[in-house]
Structures are given as C-alpha cells and as structure tokens.
Amino acid sequence: MVEFTYKPDWPWSLAGGLLITALMVWSYYAARGGAHGGLRLGLLGLRMLTLAVVAVCLLDPQRVEEIRHFQPACVAVLVDTSRSMGWKEGEASRLDLAKNWVKHELKVPDNFLVSYYGFSSNLFALANIDAAAANGNRTALAETLENLAAATAQNPPASVVLLSDGGDNSLQSAETIAEVFGQKKIPIHTVALGATNEPPDIVLENVQVRRALLNQSTTKAVVTLRSSGFSGQTVPLRIVKDNKVLAERKVKLTGGSQRVEVEFTPALPGFQTFEAEVPPQPGERLTINNRREFGLTVVDQVLRVIYMEASGDENGAFQPLYLKHALEDTPGIEVKTLYVEQYGAPASLNDKVAYVDPKNGDRIYRVQHPTQGYPRTLEELLKYQVVIFSDVPKDDFTPEQLRATERFVTEFGGGFAMVGGHTSFGAGGYQHTIIDNLIPVAMEGEADLTEDTFHPRVLDNAWTHPIMRLSADAEENRAIWTTKFPQLQGYNRVDRAKPGATVLLEHPSDRTTYGPAIILATQEVGKGRTMALTTDTTYLWGQWFETIWGEKIDANLPLSEQNCDSRYFKQFWLNAIRWLSAHKFDFERNLVALELAQTYCAPNLEVPVRVRAANRGGQDAVDAAVVLHLTDGGTEVQTVRAIYSEEQRNYQANVKLPAAGKFLLRATARFKDGKTAEDQQVLVGEDADWEMADIRARPETLAALSRWSGGRVFSPQKNQAGLMANAMGGAKPATVEYRKTPFWDKSWWLGTIIALLSVEWIVRRLRGMA
C-alpha cells in the first residue's frame, strides 16, 4: 500500500497541471528547428512524464507495510485470600474449595497462559495456586479489579476468573470498574464459594428513621435485623438514649431477615443520637452486632394550621373552638381559625371580627376578610403547613386562591383536609373546581347529604396507619375505635376512593355503586398529603365526636361533655395534622439530604458520601457549594468539598474516620441566593473484626460482577468444562504496527528522472530545436 505525505487540494492540483501542460504545448509549438510534428509530440510527452515523476517525488510517496504482532492469550485467575475464606463448612475451607476447583475444573484453551493472583485489600501475584493463604483482613473487590487493570495495562488478559465468597466490606461499589472491563471485552467470570446461611447470630443491620421531626412528636424506628438460628424465640428490641430505655417491643424472631417498627418520643430538641439494641442471647457467635446507633434532629418549630369552619353558635357553643383548642393544647401548634356564616352574611361584615376566643383572646375573622382572611397569594399560604376546609362554600374563594391551594399541596408538600358538611364535597360543588385534584374521594353527584346514625367500621389495613394510632397498645387502640367511639349522625355520601387513596373508615352498612360508603380516606397527592373526613367534626353530625370521645374526668359521674377529657378527639386531630404536615415539613427542612453507604465502618477506611441538594422550588441545585464537616465531640477533624456528579445527580466525596469512636458528619450547602441548609448523621468507627462479622457467602455480589462485565457465573460443584472453554474466548487480537518507507530517496528513482531529462535534451539538440 502506498501513501502520500502531502495531499494538496485537487482543484489546485488540477489547475496547476493544466497550466503547466498549456505552457509545455506552447513551448514546443513555438520552438524553432526542423523536427516534424510526431517528434515534437513525443518530446512533449517525454517532458510531461519527467515533470509528473518530479511532482510525485514532491508529494513524498511512502510504502506502508502492516505488521501483526501476536501474543499468547492469558487468563487472570483471582483468588480471595481474606480470612473469611478460611471458614470451614465441613472438612474443607472455602479457600481449599477454590484451590481444588482451579486444579480440577478450570479449563482453558491450549494456546492460553494462566496468571495467578491473590487479593484481599490489595492485589498481589502468586507463583501458583497453592501459594494462596487466607490471612487478609478485608475484601475489596473494586480496588482489586482497579489494581488488575493497572497491572495488566500493557498486556491485558483475555478474561478474568474470580473466586470468592463475595463478602465485600470495602464500602466501594465495583460496578463502574466491572463495566470498564466489559467495555474492553474482558469478561469477569465468577465462582461463588461458601454457604449463604450463617451460624447462630442476631444482627441489627439497619435503622431507618425520619431524620427530622417536630418537638414532642412521636416517631418510629424501622429496624432491620437477622436472627439465624433463633427462629421462634422472642426477644426485646429497645430504643435507648443515655442508658435509658425509651421504648421496648417484644419481637418474635423469624430466623431470617425481618423489619420491626418501634415507636418512641424524643425528649429534647436538637440533634440527638439513639441506640437500637437486642440484649445478647446465649449461643450467639457475636454480640457486638446486636446494636445500632442512629441520629435524628428534633426541631422546635411551630406547626401552623389554617382551619375554616361554617358551623357557628350551635347547642350553646361556638363550634370552631372544639378543634382549635384540641390542637392548640399541644405546644408548638398555632391555628388560624376562620369563620363562614352558614347562610351567608352581609358583605359589610367581611372586614369585621367574627368572634373572640375567650380562652386566649384570639380574634377569629371571616374567610373573606381582606387582610386577615384566607391567604390571597401562594407566598402567604406557604407560611402554613396544613389547610382544613370544613363545610366552607367554594364561592368564598377566588379562582386564584383555589389554584394556590392546589399548588400548595402538589408542588410544595402542604397538607389538605376536607371535612363533611352541607357545602363540602359534592354538595358544595367542589368536583367542579381545581380542589377536586386534591380530595382522595370521587364525588360525581351533588345530592350526597345523608342523615344517618352509625358507628364507622375500621378497615383491616387501617390499624397501622399513623392517623389511627391513638394508643401504643393494640388492644386498647382497637377499643378506642370501636366500643369507645361515639355515634356519628350524618355524612357526605361520596362515590368511591380515587386510585392510590387509602380508606381507613367506612360505613358499616350503606353502600354506593362502587362499594361501602367512605367515611375517612387519605392520599399522597403530588408532593403533599390529603385527607377526606366525610362526616362533620362539629354539631350536628359530629356533636358527640367532638364532645364525648375520651375518658371520664370523674369516674363516679356519667360520661358527658363536662365530664370528658376528649383525649381521643384531640389525639386523632393531632395525628392527622402531623401526618398531613410531614411532607411540607420535610420540604422545608430537607433542602439537603446526606446519604451514607453505611453508618458503621472501620477506622481509616474511606466511606463514600452522597449529598442531594435542592433549591426552594424543589429542583436539584447543581451549583451549590457543598462541604462535609466531620466532628468529634465538637472538634472538627476533617473538612471535604463535595463535587457534583451529572450522572448520579448528587454531590460526592469520601470521608475517613481517624480513629474508633462516634463522629458527627454534617453536610452544609450554600446556594446561589446566599441561603444555606444542612443535614447531619452519626458515623461510628469500630475496631471490630469486619472481615469475620458477617461470613455469609454473597453469590449475588459476584453474579453482578459477571453481569456488568459480560462474564459467566460458574458453579463450584458442577462440571462445566465445555461451557468454560467457550466462555474464555479465542486468541487475543494481534497488535498491528504500520511501517512506512519513503520512495523518493531511492537511487533508481532519481536515476529515472535524470535519464528522462537527458534523453529529451539530447534529442532536442540533435534536431536543432531551440
């Protein structure tokens, strides 16, 4: 193959060639002498040939040779030499099984070489498979593969065979490096060794809890635990703070993995650490893993509610005060109560005070009040967490107010509740407004008012809903909702629950076309939460609901409004408000979310940290300044700047605990508008034997490596020689080298040019051509 070093543009080459040809033709045509036309034409051709040869020389022609270098293909065999591979299941250890598999089951094509490596926390070459010893203190698959890629960069293997129990405790995902091997067409074949069960042991794997909650709020810790060898036994699961048990639950162990919920109430505001624990049981292999620390922030923040009510002075009492006082009896809750005359009122009264609360002097205004009524802008509405529409006519709101209410819930996480009445649900025509997007029930008809005396029925799936938990004791809670629940005297007969809604209460006998009539339902709507209570919370439908749902103040007197503490009515509405406000509260608090691969680790081990940051509109903030602060007892020991990842859509960094102990990791974000937000978590460093803390084989980890890289999973028990030889692939592709040799510097090439010029000159002289 011939290549030219210089390649001028063809239009210029063509123009130059034509010009030279024209000059040559003219020079021979005009030359003096006796040469006839044929000779002149021949000499012209000879001159043109000479110039063409010179032009080719100027383009620097080179002969290109393709040279292929073949190297023998290689299979890299990686053997896990961490101490968990020394665990015996029967008479042989896992490492013994690995050696035996390599010697008797590994089949590679005849033209392949085999290189042996051992690995634990790093990669090292082995003279042979028998040189492997199970003495490593950590298993790091990602680092091992990265080291292999670097060590074989000049001569990469055709494939990799990795033998391990899969117990990776490096905190670093091997997905990225495995995909790199796949892109290079180097499959990673894996062999999983060891049993997936474990010796008798109780292990607390994880604790999930809301990272922030309002002061005096009850929260729940969701504890994930394993209990191999303890199936059927009952143990206490405790939440402990400063050696004081805050909550305890008896748990019947399944012998496998299970999730257990424990409710508790933090006592103080601020960031606090707690510990979930199960006392050590006889026969456990380890006891250090029976506990798990976690942290949360208790915020002393006011929960603001807008409550609108159309029932006024009924039965000798101003009806909105029942719910107002029920909520305000709990510190940290403020209720903006607004009133609507049930049958309308002159417009001249809209800017007047409707009522004064005799308990605290609060002024209650009408919904339509120009400055103290229902917020007229979204910005003003966002100062609250929950809105309650109780029997309020839709025409008392402008379209802009209704649209702001819908956005308050769907875009900003607010809570919304509609309570039954003559101007609520279908009777109030709300199905024709944008508020219909929020209500968890469908109300296709307007004639839905139903006068009926009944006790609602609790659905089986409703007992665990936070709104329904009025007592921590399940039997007592059931009695509160059945034998202690007063009769209701009416409701709005809506059609059905919307898709995604959860029905908690239903009528015991009345049915619509779609099923039992709904009394209480909830739903997640957009970023917020909503609730529909189709009966009333005030007189007449709910006159006993608001007055005698509680315990006697004086046990010797009959239950009456004057002799009832209304504790269950208060707790129901407190639960409802807290549940409805949770997403709005999280939306306001969780502009920064700190995510850890795990909260326990060994000292001097890098822990990957991920931080998600959002602006006030809820969109990802890609240009925030995110910094991680690691502190020990108030002293900052490490500061790391997190970098934004476009692919993962979060900020990433690694932190390293300098020693064993309990550390606080805090992520702060500064946004472009100058505002800041933060999140924090507990990170515990333990000098535990992490390699032997969990000795279960993890075949799923190794299978993922094979999947990411395009490899296969081989069984340590089956003979798969044919499948294996095919999976190893053929010989490695040759390395191609291109060698270039110039033409123009050859003596024969230059001699040709001189010869052509000489012949042409001699002939011209002999014929007397000038």
# chains A, B, ... in the order shown; residues from 1 in each chain; ligands from 1
call {"tool": "select_by_dssp", "arguments": {"residues": "segment 196-394 of chain A", "states": "strand (DSSP E or B)", "output": "PyMOL selection string"}}
result
chain A and resi 201-208+212-214+219-228+234-241+244-252+257-264+270-277+291-299+303-309+313-314+317-318+333-339+353-356+363-366+386-390
call {"tool": "closest_residue", "arguments": {"among": "A:Pro200, A:Leu171, A:Gln720, A:Gln319", "to": "Val655 of chain A", "atoms": "only C-alpha atoms"}}
result
A:Leu171
call {"tool": "residues_around", "arguments": {"residues": "Asn122 of chain A", "least_positions_apart": "5", "cutoff": "12 Å", "atoms": "only C-alpha atoms", "output": "list in words"}}
result
Leu78, Val79, Asp80, Thr81, Ser82, Tyr117, Gly136, Asn137, Arg138, Thr139, Ala140, Leu141, Ala142, Glu143, Thr144, Leu145, Glu146, Asn147, Leu148, Ala151 and Ser170 of chain A
call {"tool": "select_by_dssp", "arguments": {"residues": "segment 466-559 of chain A", "states": "alpha helix (DSSP H)", "output": "PyMOL selection string"}}
result
chain A and resi 474-481
call {"tool": "residues_around", "arguments": {"residues": "Glu65 of chain A", "least_positions_apart": "2", "cutoff": "7 Å", "atoms": "only C-alpha atoms", "output": "ChimeraX atom specification"}}
result
/A:1,63,67,738-740
call {"tool": "write_last_selection", "arguments": {"atoms": "N, CA and C atoms", "output": "CSV table (one decimal), in the first residue's frame"}}
result
chain,number,residue,atom,x,y,z
A,1,MET,N,0.9,-1.2,0.0
A,1,MET,CA,0.0,0.0,0.0
A,1,MET,C,0.9,1.2,0.0
A,63,ARG,N,5.8,3.7,1.0
A,63,ARG,CA,5.2,2.4,1.0
A,63,ARG,C,4.9,2.0,2.5
A,67,ILE,N,2.3,-4.8,9.9
A,67,ILE,CA,3.0,-5.9,10.6
A,67,ILE,C,2.2,-6.3,11.8
A,738,TYR,N,2.2,-0.3,11.8
A,738,TYR,CA,2.3,0.2,10.4
A,738,TYR,C,3.7,0.8,10.2
A,739,ARG,N,4.5,0.2,9.2
A,739,ARG,CA,5.8,0.7,8.9
A,739,ARG,C,5.8,1.4,7.6
A,740,LYS,N,6.4,2.6,7.6
A,740,LYS,CA,6.4,3.4,6.3
A,740,LYS,C,7.8,3.6,5.8
call {"tool": "residues_around", "arguments": {"residues": "segment 698-701 of chain A", "least_positions_apart": "6", "cutoff": "7 Å", "atoms": "only C-alpha atoms", "output": "number ranges by chain"}}
result
A: 165-167, 192, 196
call {"tool": "residues_around", "arguments": {"residues": "Thr482 of chain A", "least_positions_apart": "6", "cutoff": "12 Å", "atoms": "only C-alpha atoms", "output": "VMD selection string"}}
result
chain A and resid 454 to 459 463 468 475 to 476 505 508 549
call {"tool": "closest_atom_pairs", "arguments": {"of": "segment 255-279 of chain A", "to": "segment 222-235 of chain A", "cutoff": "6 Å", "atoms": "only C-alpha atoms", "output": "Markdown table"}}
result
| residue | atom | partner | partner_atom | distance |
| --- | --- | --- | --- | --- |
| A:Gly255 | CA | A:Ser231 | CA | 3.9 |
| A:Gly256 | CA | A:Arg226 | CA | 5.2 |
| A:Ser257 | CA | A:Arg226 | CA | 4.4 |
| A:Gln258 | CA | A:Leu225 | CA | 5.7 |
| A:Arg259 | CA | A:Thr224 | CA | 4.5 |
| A:Val260 | CA | A:Val223 | CA | 5.2 |
| A:Glu261 | CA | A:Val222 | CA | 4.5 |
call {"tool": "write_last_selection", "arguments": {"atoms": "C-alpha atoms", "output": "tab-separated table (two decimals), in the first residue's frame"}}
result
chain	number	residue	atom	x	y	z
A	255	GLY	CA	-34.69	-16.88	61.77
A	256	GLY	CA	-34.15	-14.73	58.67
A	257	SER	CA	-34.31	-11.04	57.84
A	258	GLN	CA	-37.26	-9.05	59.21
A	259	ARG	CA	-38.29	-5.41	59.71
A	260	VAL	CA	-39.64	-4.27	63.07
A	261	GLU	CA	-41.18	-0.90	63.91
call {"tool": "residues_around", "arguments": {"residues": "Pro279 of chain A", "least_positions_apart": "6", "cutoff": "12 Å", "atoms": "only C-alpha atoms", "output": "ChimeraX atom specification"}}
result
/A:201-204,234-240,248,250,286-292
call {"tool": "write_last_selection", "arguments": {"atoms": "N, CA and C atoms", "output": "mmCIF file, in the first residue's frame"}}
result
data_model
loop_
_atom_site.group_PDB
_atom_site.id
_atom_site.type_symbol
_atom_site.label_atom_id
_atom_site.label_comp_id
_atom_site.auth_asym_id
_atom_site.auth_seq_id
_atom_site.Cartn_x
_atom_site.Cartn_y
_atom_site.Cartn_z
ATOM 1 N N ASP A 201 -26.787 -16.235 65.206
ATOM 2 C CA ASP A 201 -26.379 -14.863 65.485
ATOM 3 C C ASP A 201 -27.566 -13.940 65.265
ATOM 4 N N ILE A 202 -27.671 -12.908 66.102
ATOM 5 C CA ILE A 202 -28.669 -11.850 65.923
ATOM 6 C C ILE A 202 -27.913 -10.596 65.498
ATOM 7 N N VAL A 203 -28.295 -10.050 64.361
ATOM 8 C CA VAL A 203 -27.579 -8.917 63.780
ATOM 9 C C VAL A 203 -28.574 -7.796 63.495
ATOM 10 N N LEU A 204 -28.331 -6.619 64.054
ATOM 11 C CA LEU A 204 -29.103 -5.430 63.688
ATOM 12 C C LEU A 204 -28.411 -4.799 62.493
ATOM 13 N N THR A 234 -38.513 -15.205 71.247
ATOM 14 C CA THR A 234 -38.983 -13.833 71.445
ATOM 15 C C THR A 234 -37.943 -13.059 72.253
ATOM 16 N N VAL A 235 -37.543 -11.904 71.720
ATOM 17 C CA VAL A 235 -36.526 -11.085 72.379
ATOM 18 C C VAL A 235 -37.017 -9.649 72.452
ATOM 19 N N PRO A 236 -36.509 -8.859 73.397
ATOM 20 C CA PRO A 236 -36.872 -7.439 73.444
ATOM 21 C C PRO A 236 -36.013 -6.619 72.489
ATOM 22 N N LEU A 237 -36.653 -5.722 71.753
ATOM 23 C CA LEU A 237 -35.958 -4.744 70.923
ATOM 24 C C LEU A 237 -36.176 -3.382 71.559
ATOM 25 N N ARG A 238 -35.071 -2.708 71.906
ATOM 26 C CA ARG A 238 -35.172 -1.485 72.685
ATOM 27 C C ARG A 238 -34.605 -0.291 71.931
ATOM 28 N N ILE A 239 -35.165 0.878 72.217
ATOM 29 C CA ILE A 239 -34.590 2.157 71.800
ATOM 30 C C ILE A 239 -34.054 2.812 73.059
ATOM 31 N N VAL A 240 -32.751 3.098 73.057
ATOM 32 C CA VAL A 240 -32.068 3.555 74.267
ATOM 33 C C VAL A 240 -31.422 4.911 74.014
ATOM 34 N N GLU A 248 -39.687 -0.155 74.150
ATOM 35 C CA GLU A 248 -39.326 -1.571 74.047
ATOM 36 C C GLU A 248 -40.470 -2.327 73.387
ATOM 37 N N LYS A 250 -41.524 -6.434 72.169
ATOM 38 C CA LYS A 250 -41.200 -7.843 72.094
ATOM 39 C C LYS A 250 -41.306 -8.307 70.644
ATOM 40 N N LEU A 286 -21.531 -13.703 67.676
ATOM 41 C CA LEU A 286 -21.006 -12.380 68.009
ATOM 42 C C LEU A 286 -22.092 -11.604 68.748
ATOM 43 N N THR A 287 -21.682 -10.687 69.630
ATOM 44 C CA THR A 287 -22.655 -9.837 70.318
ATOM 45 C C THR A 287 -22.470 -8.361 69.988
ATOM 46 N N ILE A 288 -21.345 -8.038 69.350
ATOM 47 C CA ILE A 288 -21.093 -6.628 69.029
ATOM 48 C C ILE A 288 -22.074 -6.095 67.995
ATOM 49 N N ASN A 289 -22.666 -7.012 67.198
ATOM 50 C CA ASN A 289 -23.585 -6.577 66.151
ATOM 51 C C ASN A 289 -25.039 -6.573 66.610
ATOM 52 N N ASN A 290 -25.271 -6.626 67.931
ATOM 53 C CA ASN A 290 -26.637 -6.603 68.467
ATOM 54 C C ASN A 290 -27.158 -5.185 68.674
ATOM 55 N N ARG A 291 -26.423 -4.186 68.271
ATOM 56 C CA ARG A 291 -26.847 -2.806 68.479
ATOM 57 C C ARG A 291 -26.531 -1.971 67.235
ATOM 58 N N ARG A 292 -27.216 -0.858 67.144
ATOM 59 C CA ARG A 292 -27.011 0.037 66.010
ATOM 60 C C ARG A 292 -27.381 1.452 66.447
#
